[in-house]
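S.K.: So I've got this file, work-v3.cif, and it contains mmCIF, C-alpha atoms and all ligand atoms:
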data_structure
#
loop_
_atom_site.group_PDB
_atom_site.id
_atom_site.type_symbol
_atom_site.label_atom_id
_atom_site.label_comp_id
_atom_site.auth_asym_id
_atom_site.auth_seq_id
_atom_site.Cartn_x
_atom_site.Cartn_y
_atom_site.Cartn_z
ATOM 1 C CA MET C 155 14.851 -5.166 -2.706
ATOM 2 C CA ARG C 156 12.306 -8.017 -2.786
ATOM 3 C CA PRO C 157 9.021 -7.071 -4.445
ATOM 4 C CA LEU C 158 6.315 -6.180 -1.907
ATOM 5 C CA ILE C 159 2.793 -7.303 -2.798
ATOM 6 C CA VAL C 160 0.110 -5.891 -0.498
ATOM 7 C CA GLY C 161 -3.596 -6.739 -0.541
ATOM 8 C CA ASN C 162 -6.088 -4.115 0.611
ATOM 9 C CA TRP C 163 -9.351 -5.887 1.391
ATOM 10 C CA LYS C 164 -11.099 -2.584 2.149
ATOM 11 C CA MET C 165 -14.484 -3.269 3.847
ATOM 12 C CA ASN C 166 -14.715 -6.808 2.482
ATOM 13 C CA GLY C 167 -14.090 -10.273 3.838
ATOM 14 C CA THR C 168 -15.422 -12.855 6.256
ATOM 15 C CA LEU C 169 -13.911 -15.390 8.634
ATOM 16 C CA ALA C 170 -14.376 -17.994 5.900
ATOM 17 C CA LEU C 171 -12.381 -15.874 3.432
ATOM 18 C CA VAL C 172 -9.655 -15.420 6.056
ATOM 19 C CA ALA C 173 -9.371 -19.194 6.489
ATOM 20 C CA GLU C 174 -9.211 -19.748 2.739
ATOM 21 C CA HIS C 175 -6.563 -17.047 2.160
ATOM 22 C CA ALA C 176 -4.468 -18.020 5.178
ATOM 23 C CA ALA C 177 -4.218 -21.580 3.866
ATOM 24 C CA ALA C 178 -3.526 -20.551 0.253
ATOM 25 C CA LEU C 179 -0.942 -17.885 1.112
ATOM 26 C CA THR C 180 0.823 -20.098 3.641
ATOM 27 C CA ALA C 181 1.116 -22.896 1.086
ATOM 28 C CA ALA C 182 2.561 -20.574 -1.562
ATOM 29 C CA ALA C 183 4.527 -17.982 0.393
ATOM 30 C CA SER C 184 7.698 -19.888 1.215
ATOM 31 C CA ALA C 185 8.281 -20.776 -2.449
ATOM 32 C CA LEU C 186 7.822 -17.164 -3.565
ATOM 33 C CA ALA C 187 10.752 -14.761 -3.249
ATOM 34 C CA VAL C 188 8.421 -11.840 -2.670
ATOM 35 C CA ASP C 189 7.111 -10.165 0.471
ATOM 36 C CA LEU C 190 3.368 -10.740 0.853
ATOM 37 C CA ALA C 191 1.067 -8.714 3.063
ATOM 38 C CA VAL C 192 -2.685 -8.532 3.562
ATOM 39 C CA CYS C 193 -4.609 -5.629 5.093
ATOM 40 C CA PRO C 194 -8.062 -6.937 6.058
ATOM 41 C CA PRO C 195 -10.700 -4.987 8.012
ATOM 42 C CA PHE C 196 -9.784 -4.524 11.703
ATOM 43 C CA PRO C 197 -11.952 -7.360 13.128
ATOM 44 C CA LEU C 198 -10.313 -9.890 10.802
ATOM 45 C CA ILE C 199 -6.679 -9.133 11.698
ATOM 46 C CA ALA C 200 -6.553 -11.235 14.879
ATOM 47 C CA PRO C 201 -8.227 -14.324 13.363
ATOM 48 C CA PHE C 202 -6.020 -13.969 10.287
ATOM 49 C CA ALA C 203 -2.915 -13.840 12.491
ATOM 50 C CA ALA C 204 -4.092 -16.909 14.398
ATOM 51 C CA GLN C 205 -4.635 -18.837 11.162
ATOM 52 C CA LEU C 206 -1.244 -17.854 9.750
ATOM 53 C CA GLY C 207 0.643 -18.758 12.905
ATOM 54 C CA ARG C 208 3.698 -17.082 14.420
ATOM 55 C CA GLU C 209 6.260 -18.298 11.882
ATOM 56 C CA SER C 210 4.349 -17.209 8.784
ATOM 57 C CA PRO C 211 6.241 -14.994 6.321
ATOM 58 C CA VAL C 212 2.909 -13.364 5.375
ATOM 59 C CA ARG C 213 2.523 -9.963 7.034
ATOM 60 C CA LEU C 214 -0.730 -8.349 8.134
ATOM 61 C CA GLY C 215 -1.672 -4.700 8.206
ATOM 62 C CA GLY C 216 -4.435 -2.321 9.177
ATOM 63 C CA GLN C 217 -6.107 0.078 6.756
ATOM 64 C CA ASP C 218 -5.914 3.110 9.062
ATOM 65 C CA CYS C 219 -5.038 4.107 12.608
ATOM 66 C CA HIS C 220 -5.661 7.041 14.947
ATOM 67 C CA PRO C 221 -2.756 9.358 15.837
ATOM 68 C CA GLU C 222 -3.271 8.815 19.587
ATOM 69 C CA ALA C 223 -2.407 5.643 21.507
ATOM 70 C CA GLN C 224 -5.725 5.636 23.405
ATOM 71 C CA GLY C 225 -8.580 7.858 24.485
ATOM 72 C CA ALA C 226 -12.090 9.081 23.774
ATOM 73 C CA HIS C 227 -12.158 8.481 20.013
ATOM 74 C CA THR C 228 -15.226 6.361 19.352
ATOM 75 C CA GLY C 229 -14.871 4.062 16.384
ATOM 76 C CA ASP C 230 -11.137 4.614 15.979
ATOM 77 C CA VAL C 231 -8.284 2.153 16.384
ATOM 78 C CA ALA C 232 -4.800 2.869 17.759
ATOM 79 C CA ALA C 233 -1.623 1.738 16.024
ATOM 80 C CA GLU C 234 -0.670 -0.091 19.237
ATOM 81 C CA MET C 235 -3.908 -2.108 19.038
ATOM 82 C CA LEU C 236 -3.107 -3.169 15.478
ATOM 83 C CA ARG C 237 0.340 -4.228 16.592
ATOM 84 C CA GLU C 238 -1.014 -6.198 19.535
ATOM 85 C CA VAL C 239 -3.367 -8.266 17.366
ATOM 86 C CA GLY C 240 -0.713 -9.189 14.808
ATOM 87 C CA ALA C 241 -0.306 -6.331 12.333
ATOM 88 C CA SER C 242 3.127 -5.086 11.340
ATOM 89 C CA LEU C 243 1.968 -2.622 8.675
ATOM 90 C CA VAL C 244 -0.693 0.026 8.290
ATOM 91 C CA ILE C 245 -2.066 1.725 5.158
ATOM 92 C CA LEU C 246 -2.403 5.480 5.732
ATOM 93 C CA GLY C 247 -3.893 8.236 3.601
ATOM 94 C CA HIS C 248 -5.690 5.919 1.179
ATOM 95 C CA SER C 249 -7.707 8.070 -1.235
ATOM 96 C CA GLU C 250 -10.936 6.550 0.122
ATOM 97 C CA ARG C 251 -9.962 7.864 3.589
ATOM 98 C CA ARG C 252 -8.920 11.225 2.156
ATOM 99 C CA GLN C 253 -12.237 11.428 0.247
ATOM 100 C CA ASP C 254 -14.771 9.758 2.587
ATOM 101 C CA HIS C 255 -13.314 11.017 5.867
ATOM 102 C CA GLY C 256 -11.774 14.315 4.759
ATOM 103 C CA GLU C 257 -8.300 13.271 5.889
ATOM 104 C CA SER C 258 -5.712 16.012 5.481
ATOM 105 C CA ASP C 259 -1.983 15.640 4.866
ATOM 106 C CA ALA C 260 -1.346 16.927 8.397
ATOM 107 C CA LEU C 261 -3.572 14.240 9.916
ATOM 108 C CA ILE C 262 -1.896 11.563 7.829
ATOM 109 C CA ARG C 263 1.514 12.810 8.992
ATOM 110 C CA ALA C 264 0.350 12.458 12.602
ATOM 111 C CA LYS C 265 -0.834 8.909 11.862
ATOM 112 C CA VAL C 266 2.549 8.079 10.314
ATOM 113 C CA GLY C 267 4.071 9.190 13.628
ATOM 114 C CA ALA C 268 1.694 6.885 15.482
ATOM 115 C CA ALA C 269 2.687 3.955 13.276
ATOM 116 C CA ARG C 270 6.353 4.584 14.063
ATOM 117 C CA ARG C 271 5.592 4.869 17.794
ATOM 118 C CA ALA C 272 3.875 1.451 17.682
ATOM 119 C CA GLY C 273 6.518 -0.214 15.521
ATOM 120 C CA LEU C 274 4.307 -0.522 12.431
ATOM 121 C CA THR C 275 5.525 0.096 8.877
ATOM 122 C CA PRO C 276 3.345 2.807 7.328
ATOM 123 C CA ILE C 277 2.260 2.508 3.695
ATOM 124 C CA VAL C 278 1.462 6.098 2.769
ATOM 125 C CA CYS C 279 -0.814 6.498 -0.255
ATOM 126 C CA VAL C 280 -0.597 9.422 -2.645
ATOM 127 C CA GLY C 281 -2.254 10.002 -6.000
ATOM 128 C CA GLU C 282 -3.923 12.564 -8.195
ATOM 129 C CA LYS C 283 -7.545 12.785 -9.329
ATOM 130 C CA GLU C 284 -8.359 12.535 -13.015
ATOM 131 C CA ALA C 285 -9.064 16.251 -13.449
ATOM 132 C CA GLU C 286 -5.743 17.054 -11.807
ATOM 133 C CA ARG C 287 -3.883 14.775 -14.243
ATOM 134 C CA GLU C 288 -5.766 16.256 -17.189
ATOM 135 C CA ALA C 289 -4.787 19.717 -16.004
ATOM 136 C CA GLY C 290 -1.130 18.650 -15.989
ATOM 137 C CA ARG C 291 -0.997 18.912 -12.192
ATOM 138 C CA ALA C 292 -0.322 15.256 -11.238
ATOM 139 C CA GLU C 293 3.252 15.853 -9.982
ATOM 140 C CA GLU C 294 2.289 19.048 -8.195
ATOM 141 C CA VAL C 295 -0.539 17.243 -6.340
ATOM 142 C CA VAL C 296 1.493 14.149 -5.487
ATOM 143 C CA GLY C 297 4.493 16.269 -4.488
ATOM 144 C CA GLY C 298 2.271 18.281 -2.140
ATOM 145 C CA GLN C 299 0.837 15.117 -0.575
ATOM 146 C CA LEU C 300 4.340 13.743 -0.036
ATOM 147 C CA ALA C 301 5.607 16.963 1.508
ATOM 148 C CA GLY C 302 2.614 17.220 3.830
ATOM 149 C CA SER C 303 2.110 13.578 4.794
ATOM 150 C CA LEU C 304 5.658 12.493 5.595
ATOM 151 C CA PRO C 305 7.429 13.462 8.823
ATOM 152 C CA ASP C 306 11.169 14.189 8.705
ATOM 153 C CA ASP C 307 11.936 10.837 10.341
ATOM 154 C CA PHE C 308 9.872 8.894 7.778
ATOM 155 C CA ALA C 309 10.692 5.229 7.329
ATOM 156 C CA GLY C 310 8.149 3.174 5.443
ATOM 157 C CA VAL C 311 6.555 2.528 2.077
ATOM 158 C CA ILE C 312 4.927 4.879 -0.458
ATOM 159 C CA ALA C 313 2.055 3.732 -2.670
ATOM 160 C CA TYR C 314 1.304 5.761 -5.784
ATOM 161 C CA GLU C 315 -2.394 5.245 -6.451
ATOM 162 C CA PRO C 316 -3.952 7.525 -9.067
ATOM 163 C CA VAL C 317 -7.482 8.023 -7.739
ATOM 164 C CA TRP C 318 -9.034 7.531 -11.175
ATOM 165 C CA ALA C 319 -7.425 4.087 -11.503
ATOM 166 C CA ILE C 320 -8.728 2.667 -8.211
ATOM 167 C CA GLY C 321 -11.462 0.098 -8.777
ATOM 168 C CA THR C 322 -12.110 1.338 -12.318
ATOM 169 C CA GLY C 323 -10.216 -1.192 -14.441
ATOM 170 C CA ARG C 324 -8.222 1.704 -15.909
ATOM 171 C CA THR C 325 -4.473 2.086 -15.427
ATOM 172 C CA PRO C 326 -1.960 4.740 -16.438
ATOM 173 C CA THR C 327 0.439 3.910 -19.263
ATOM 174 C CA GLY C 328 3.697 2.245 -18.288
ATOM 175 C CA GLU C 329 5.486 5.490 -19.148
ATOM 176 C CA ASP C 330 3.168 7.511 -16.889
ATOM 177 C CA ILE C 331 3.758 5.097 -13.986
ATOM 178 C CA ALA C 332 7.517 5.185 -14.601
ATOM 179 C CA ALA C 333 7.519 8.991 -14.785
ATOM 180 C CA MET C 334 5.606 9.341 -11.523
ATOM 181 C CA HIS C 335 7.786 6.800 -9.724
ATOM 182 C CA ARG C 336 10.934 8.599 -10.968
ATOM 183 C CA PHE C 337 9.411 11.813 -9.633
ATOM 184 C CA LEU C 338 8.670 10.155 -6.276
ATOM 185 C CA ARG C 339 12.231 8.861 -5.949
ATOM 186 C CA LYS C 340 13.716 12.226 -6.905
ATOM 187 C CA THR C 341 11.457 14.104 -4.482
ATOM 188 C CA LEU C 342 12.241 11.688 -1.641
ATOM 189 C CA ALA C 343 15.975 11.946 -2.404
ATOM 190 C CA ALA C 344 15.823 15.735 -2.292
ATOM 191 C CA ARG C 345 14.267 15.568 1.167
ATOM 192 C CA PHE C 346 15.858 12.520 2.796
ATOM 193 C CA GLY C 347 19.047 11.972 0.779
ATOM 194 C CA ALA C 348 19.655 9.398 -1.939
ATOM 195 C CA ALA C 349 20.494 6.472 0.370
ATOM 196 C CA ARG C 350 17.343 6.782 2.516
ATOM 197 C CA ALA C 351 15.153 7.485 -0.518
ATOM 198 C CA GLY C 352 16.563 4.484 -2.370
ATOM 199 C CA ALA C 353 15.513 2.180 0.469
ATOM 200 C CA ILE C 354 11.854 3.312 0.441
ATOM 201 C CA PRO C 355 9.744 0.770 -1.490
ATOM 202 C CA LEU C 356 7.533 2.493 -4.082
ATOM 203 C CA LEU C 357 4.326 0.588 -4.797
ATOM 204 C CA TYR C 358 1.913 1.183 -7.635
ATOM 205 C CA GLY C 359 -1.805 0.716 -6.909
ATOM 206 C CA GLY C 360 -4.926 1.012 -9.051
ATOM 207 C CA SER C 361 -6.665 -1.829 -10.935
ATOM 208 C CA VAL C 362 -3.712 -4.234 -10.725
ATOM 209 C CA LYS C 363 -4.856 -7.649 -11.990
ATOM 210 C CA PRO C 364 -3.082 -10.873 -12.965
ATOM 211 C CA ALA C 365 -3.393 -9.767 -16.621
ATOM 212 C CA ASN C 366 -1.487 -6.481 -16.213
ATOM 213 C CA ALA C 367 0.741 -7.292 -13.245
ATOM 214 C CA VAL C 368 3.911 -8.300 -15.148
ATOM 215 C CA GLU C 369 3.741 -5.159 -17.271
ATOM 216 C CA ILE C 370 3.329 -2.951 -14.199
ATOM 217 C CA LEU C 371 5.853 -4.759 -12.026
ATOM 218 C CA LYS C 372 8.602 -4.605 -14.639
ATOM 219 C CA THR C 373 8.298 -0.805 -14.780
ATOM 220 C CA ALA C 374 11.359 1.067 -13.571
ATOM 221 C CA GLU C 375 11.189 2.188 -9.908
ATOM 222 C CA VAL C 376 8.116 -0.005 -9.191
ATOM 223 C CA ASP C 377 9.071 -2.094 -6.157
ATOM 224 C CA GLY C 378 5.709 -3.757 -5.680
ATOM 225 C CA VAL C 379 1.965 -3.252 -5.878
ATOM 226 C CA LEU C 380 -0.974 -2.401 -3.634
ATOM 227 C CA VAL C 381 -3.923 -4.494 -4.792
ATOM 228 C CA GLY C 382 -7.573 -3.875 -3.941
ATOM 229 C CA GLY C 383 -10.255 -5.920 -5.702
ATOM 230 C CA ALA C 384 -7.980 -8.660 -7.035
ATOM 231 C CA SER C 385 -6.556 -9.334 -3.569
ATOM 232 C CA LEU C 386 -9.904 -10.811 -2.484
ATOM 233 C CA VAL C 387 -9.410 -13.817 -4.753
ATOM 234 C CA SER C 388 -6.457 -15.814 -3.444
ATOM 235 C CA ASP C 389 -5.592 -17.277 -6.863
ATOM 236 C CA ASP C 390 -5.495 -13.782 -8.372
ATOM 237 C CA PHE C 391 -3.470 -12.353 -5.496
ATOM 238 C CA LEU C 392 -0.947 -15.165 -5.800
ATOM 239 C CA ALA C 393 -0.854 -14.795 -9.593
ATOM 240 C CA ILE C 394 0.108 -11.153 -9.044
ATOM 241 C CA ALA C 395 2.824 -12.224 -6.603
ATOM 242 C CA ARG C 396 4.184 -14.676 -9.191
ATOM 243 C CA ALA C 397 4.069 -11.894 -11.789
ATOM 244 C CA ALA C 398 6.571 -10.003 -9.656
ATOM 245 C CA LEU C 399 9.047 -12.823 -10.229
ATOM 246 C CA LEU C 400 8.284 -13.043 -13.960
ATOM 247 C CA ALA C 401 8.753 -9.269 -14.200
ATOM 248 C CA ARG C 402 12.355 -9.669 -13.031
ATOM 249 C CA PHE C 403 13.137 -11.597 -16.206
ATOM 250 C CA ALA C 404 10.920 -9.654 -18.613
ATOM 251 C CA PRO C 405 12.553 -7.045 -20.851
ATOM 252 C CA SER C 406 11.974 -3.656 -19.216
ATOM 253 C CA GLY C 407 9.254 -1.491 -20.703
HETATM 254 C C1 LIG X 501 -6.761 0.164 -3.582
HETATM 255 O O1 LIG X 501 -7.843 0.413 -3.122
HETATM 256 O O2 LIG X 501 -5.735 0.374 -2.918
HETATM 257 C C2 LIG X 501 -6.697 -0.398 -4.924
HETATM 258 C C3 LIG X 501 -5.553 -0.388 -5.540
HETATM 259 O O3 LIG X 501 -7.877 -0.910 -5.447
HETATM 260 P P1 LIG X 501 -8.079 -1.708 -6.835
HETATM 261 O O4 LIG X 501 -6.901 -2.628 -7.009
HETATM 262 O O5 LIG X 501 -9.360 -2.414 -6.691
HETATM 263 O O6 LIG X 501 -8.083 -0.663 -7.913
#
In structure tokens, write the structure found in this file.
M.R.:
Amino acid sequence: MRPLIVGNWKMNGTLALVAEHAAALTAAASALAVDLAVCPPFPLIAPFAAQLGRESPVRLGGQDCHPEAQGAHTGDVAAEMLREVGASLVILGHSERRQDHGESDALIRAKVGAARRAGLTPIVCVGEKEAEREAGRAEEVVGGQLAGSLPDDFAGVIAYEPVWAIGTGRTPTGEDIAAMHRFLRKTLAARFGAARAGAIPLLYGGSVKPANAVEILKTAEVDGVLVGGASLVSDDFLAIARAALLARFAPSG
């Protein structure tokens, strides 16, 4: 599968940044044999789509959606609305949503259903907190999130994002990432069968930068990365995308 490089802008960005990134990504994307996606804040999706144009290989995504298609849910956004303004992906269950908005696995599962209903690819985030890893419970926690957040008809992407690595500059060792991704694949295979599990892209996320991207992307079972802070600088985001190609030729770690 082609590496998938996804930028999560979180609550950052302006129309000027959209224009700059749309131009930079468009210029680079066709020469890069990777799939590129950007998830800006909701109000920036439509202008981003307009700047990219219909033929662009760069995909856009939301950072959340509501389970329902419409209704009295002030401040929320439906998956169908994301689709209509140009998104084809949506990040669900990011640890900042789980933490700041108390999102449960059951709610995330309902949102995954909404993404499917609207024709969006869900990127479901899972990851343990530092104390959970230190207590030797990382697989138990991540396994529980997977079991609870994925519906039986799941088709989409999984992002392993250890909470303690997000925005901190710290990353797990290559062996720890490989071990967790092996665990993810095995757990998905046990539930969905080897063929379906093998087709689910597994992203790593948490302090991915140009400097560590080759190392991370050459790790076994890492099919791409979800990038927060570094995705706001187009040169850095594109350097990470190029690292995915370099990783193909690097000796595996
Ligand atoms: C994220 O928020 O999904 C993320 C990976 O952030 P950062 O790259 O900044 O750690």
S.K.: Emit as AutoDock Vina command-line options the padded axis-aligned box for all listed atoms of segment 250-253 of chain C, 4 Å per side, with centre and edge lengths in Å to one decimal.
M.R.:
--center_x -10.6 --center_y 9.0 --center_z 1.9 --size_x 11.3 --size_y 12.9 --size_z 11.5
S.K.: Which residues fall under the PyMOL selection byres (((chain C and resi 321) around 9) and not hetatm) in this file, as a list in words?
M.R.: Val317, Trp318, Ala319, Ile320, Thr322, Gly323, Arg324, Gly360, Ser361, Gly382 and Gly383 of chain C
S.K.: Quick one: residues within 9 Å of Gly281 of chain C, only C-alpha atoms, excluding same-chain residues fewer than 4 positions away - as number ranges by chain?
M.R.: C: 248-249, 292-293, 295-296, 299, 313-318
S.K.: Quick one: write out the picked residues with C-alpha atoms as a CSV table (one decimal), keeping the file's coordinate frame?
M.R.:
chain,number,residue,atom,x,y,z
C,248,HIS,CA,-5.7,5.9,1.2
C,249,SER,CA,-7.7,8.1,-1.2
C,292,ALA,CA,-0.3,15.3,-11.2
C,293,GLU,CA,3.3,15.9,-10.0
C,295,VAL,CA,-0.5,17.2,-6.3
C,296,VAL,CA,1.5,14.1,-5.5
C,299,GLN,CA,0.8,15.1,-0.6
C,313,ALA,CA,2.1,3.7,-2.7
C,314,TYR,CA,1.3,5.8,-5.8
C,315,GLU,CA,-2.4,5.2,-6.5
C,316,PRO,CA,-4.0,7.5,-9.1
C,317,VAL,CA,-7.5,8.0,-7.7
C,318,TRP,CA,-9.0,7.5,-11.2
S.K.: Taking 3 positions as the minimum chain separation for residues in the same chain, which residues sit within 10 Å of Lys363 of chain C when counting only C-alpha atoms? Answer as a JSON list (two decimals) with C-alpha atoms, keeping the file's coordinate frame.
M.R.:
[["chain", "number", "residue", "atom", "x", "y", "z"],
["C", 323, "GLY", "CA", -10.22, -1.19, -14.44],
["C", 360, "GLY", "CA", -4.93, 1.01, -9.05],
["C", 366, "ASN", "CA", -1.49, -6.48, -16.21],
["C", 367, "ALA", "CA", 0.74, -7.29, -13.24],
["C", 368, "VAL", "CA", 3.91, -8.30, -15.15],
["C", 370, "ILE", "CA", 3.33, -2.95, -14.20],
["C", 381, "VAL", "CA", -3.92, -4.49, -4.79],
["C", 382, "GLY", "CA", -7.57, -3.88, -3.94],
["C", 383, "GLY", "CA", -10.26, -5.92, -5.70],
["C", 384, "ALA", "CA", -7.98, -8.66, -7.04],
["C", 385, "SER", "CA", -6.56, -9.33, -3.57],
["C", 390, "ASP", "CA", -5.50, -13.78, -8.37],
["C", 391, "PHE", "CA", -3.47, -12.35, -5.50],
["C", 393, "ALA", "CA", -0.85, -14.80, -9.59],
["C", 394, "ILE", "CA", 0.11, -11.15, -9.04],
["C", 397, "ALA", "CA", 4.07, -11.89, -11.79]]
S.K.: Tell me which residues the PyMOL selection byres (((chain C and resi 354) around 12) and not hetatm) grabs here, as an mmCIF file with C-alpha atoms, in the frame of the given file.
M.R.:
data_model
loop_
_atom_site.group_PDB
_atom_site.id
_atom_site.type_symbol
_atom_site.label_atom_id
_atom_site.label_comp_id
_atom_site.auth_asym_id
_atom_site.auth_seq_id
_atom_site.Cartn_x
_atom_site.Cartn_y
_atom_site.Cartn_z
ATOM 1 C CA MET C 155 14.851 -5.166 -2.706
ATOM 2 C CA ARG C 156 12.306 -8.017 -2.786
ATOM 3 C CA PRO C 157 9.021 -7.071 -4.445
ATOM 4 C CA LEU C 158 6.315 -6.180 -1.907
ATOM 5 C CA THR C 275 5.525 0.096 8.877
ATOM 6 C CA PRO C 276 3.345 2.807 7.328
ATOM 7 C CA ILE C 277 2.260 2.508 3.695
ATOM 8 C CA VAL C 278 1.462 6.098 2.769
ATOM 9 C CA PHE C 308 9.872 8.894 7.778
ATOM 10 C CA ALA C 309 10.692 5.229 7.329
ATOM 11 C CA GLY C 310 8.149 3.174 5.443
ATOM 12 C CA VAL C 311 6.555 2.528 2.077
ATOM 13 C CA ILE C 312 4.927 4.879 -0.458
ATOM 14 C CA ALA C 313 2.055 3.732 -2.670
ATOM 15 C CA HIS C 335 7.786 6.800 -9.724
ATOM 16 C CA LEU C 338 8.670 10.155 -6.276
ATOM 17 C CA ARG C 339 12.231 8.861 -5.949
ATOM 18 C CA LYS C 340 13.716 12.226 -6.905
ATOM 19 C CA THR C 341 11.457 14.104 -4.482
ATOM 20 C CA LEU C 342 12.241 11.688 -1.641
ATOM 21 C CA ALA C 343 15.975 11.946 -2.404
ATOM 22 C CA PHE C 346 15.858 12.520 2.796
ATOM 23 C CA GLY C 347 19.047 11.972 0.779
ATOM 24 C CA ALA C 348 19.655 9.398 -1.939
ATOM 25 C CA ALA C 349 20.494 6.472 0.370
ATOM 26 C CA ARG C 350 17.343 6.782 2.516
ATOM 27 C CA ALA C 351 15.153 7.485 -0.518
ATOM 28 C CA GLY C 352 16.563 4.484 -2.370
ATOM 29 C CA ALA C 353 15.513 2.180 0.469
ATOM 30 C CA PRO C 355 9.744 0.770 -1.490
ATOM 31 C CA LEU C 356 7.533 2.493 -4.082
ATOM 32 C CA LEU C 357 4.326 0.588 -4.797
ATOM 33 C CA GLU C 375 11.189 2.188 -9.908
ATOM 34 C CA VAL C 376 8.116 -0.005 -9.191
ATOM 35 C CA ASP C 377 9.071 -2.094 -6.157
ATOM 36 C CA GLY C 378 5.709 -3.757 -5.680
#
S.K.: Which residues come within 12 Å of segment 264-273 of chain C, counting all atoms listed in the file, excluding same-chain residues fewer than 6 positions away, as an MDAnalysis selection string?
M.R.: chainID C and resid 215:224 230:238 240:247 257:258 279 300 302:312
S.K.: Smallest atom-to-atom distance to ligand LIG 501 (chain X): which of C:His227, C:Arg345, C:Arg251, C:Arg213, using all atoms listed in the file?
M.R.: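 Of the candidates, the smallest distance to ligand LIG 501 (chain X) is held by C:Arg251.
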S.K.: Work out how far atom CA of Ile331 of chain C is from atom CA of Asp189 of chain C, in Å to one decimal.
M.R.: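 Between these atoms lies a distance of 21.3 Å.
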S.K.: Run the PyMOL selection byres (((chain C and resi 328) around 9) and not hetatm) against the file shown and list the residues it catches, as a VMD selection string.
M.R.: chain C and resid 325 to 327 329 to 333 369 to 370 373 407
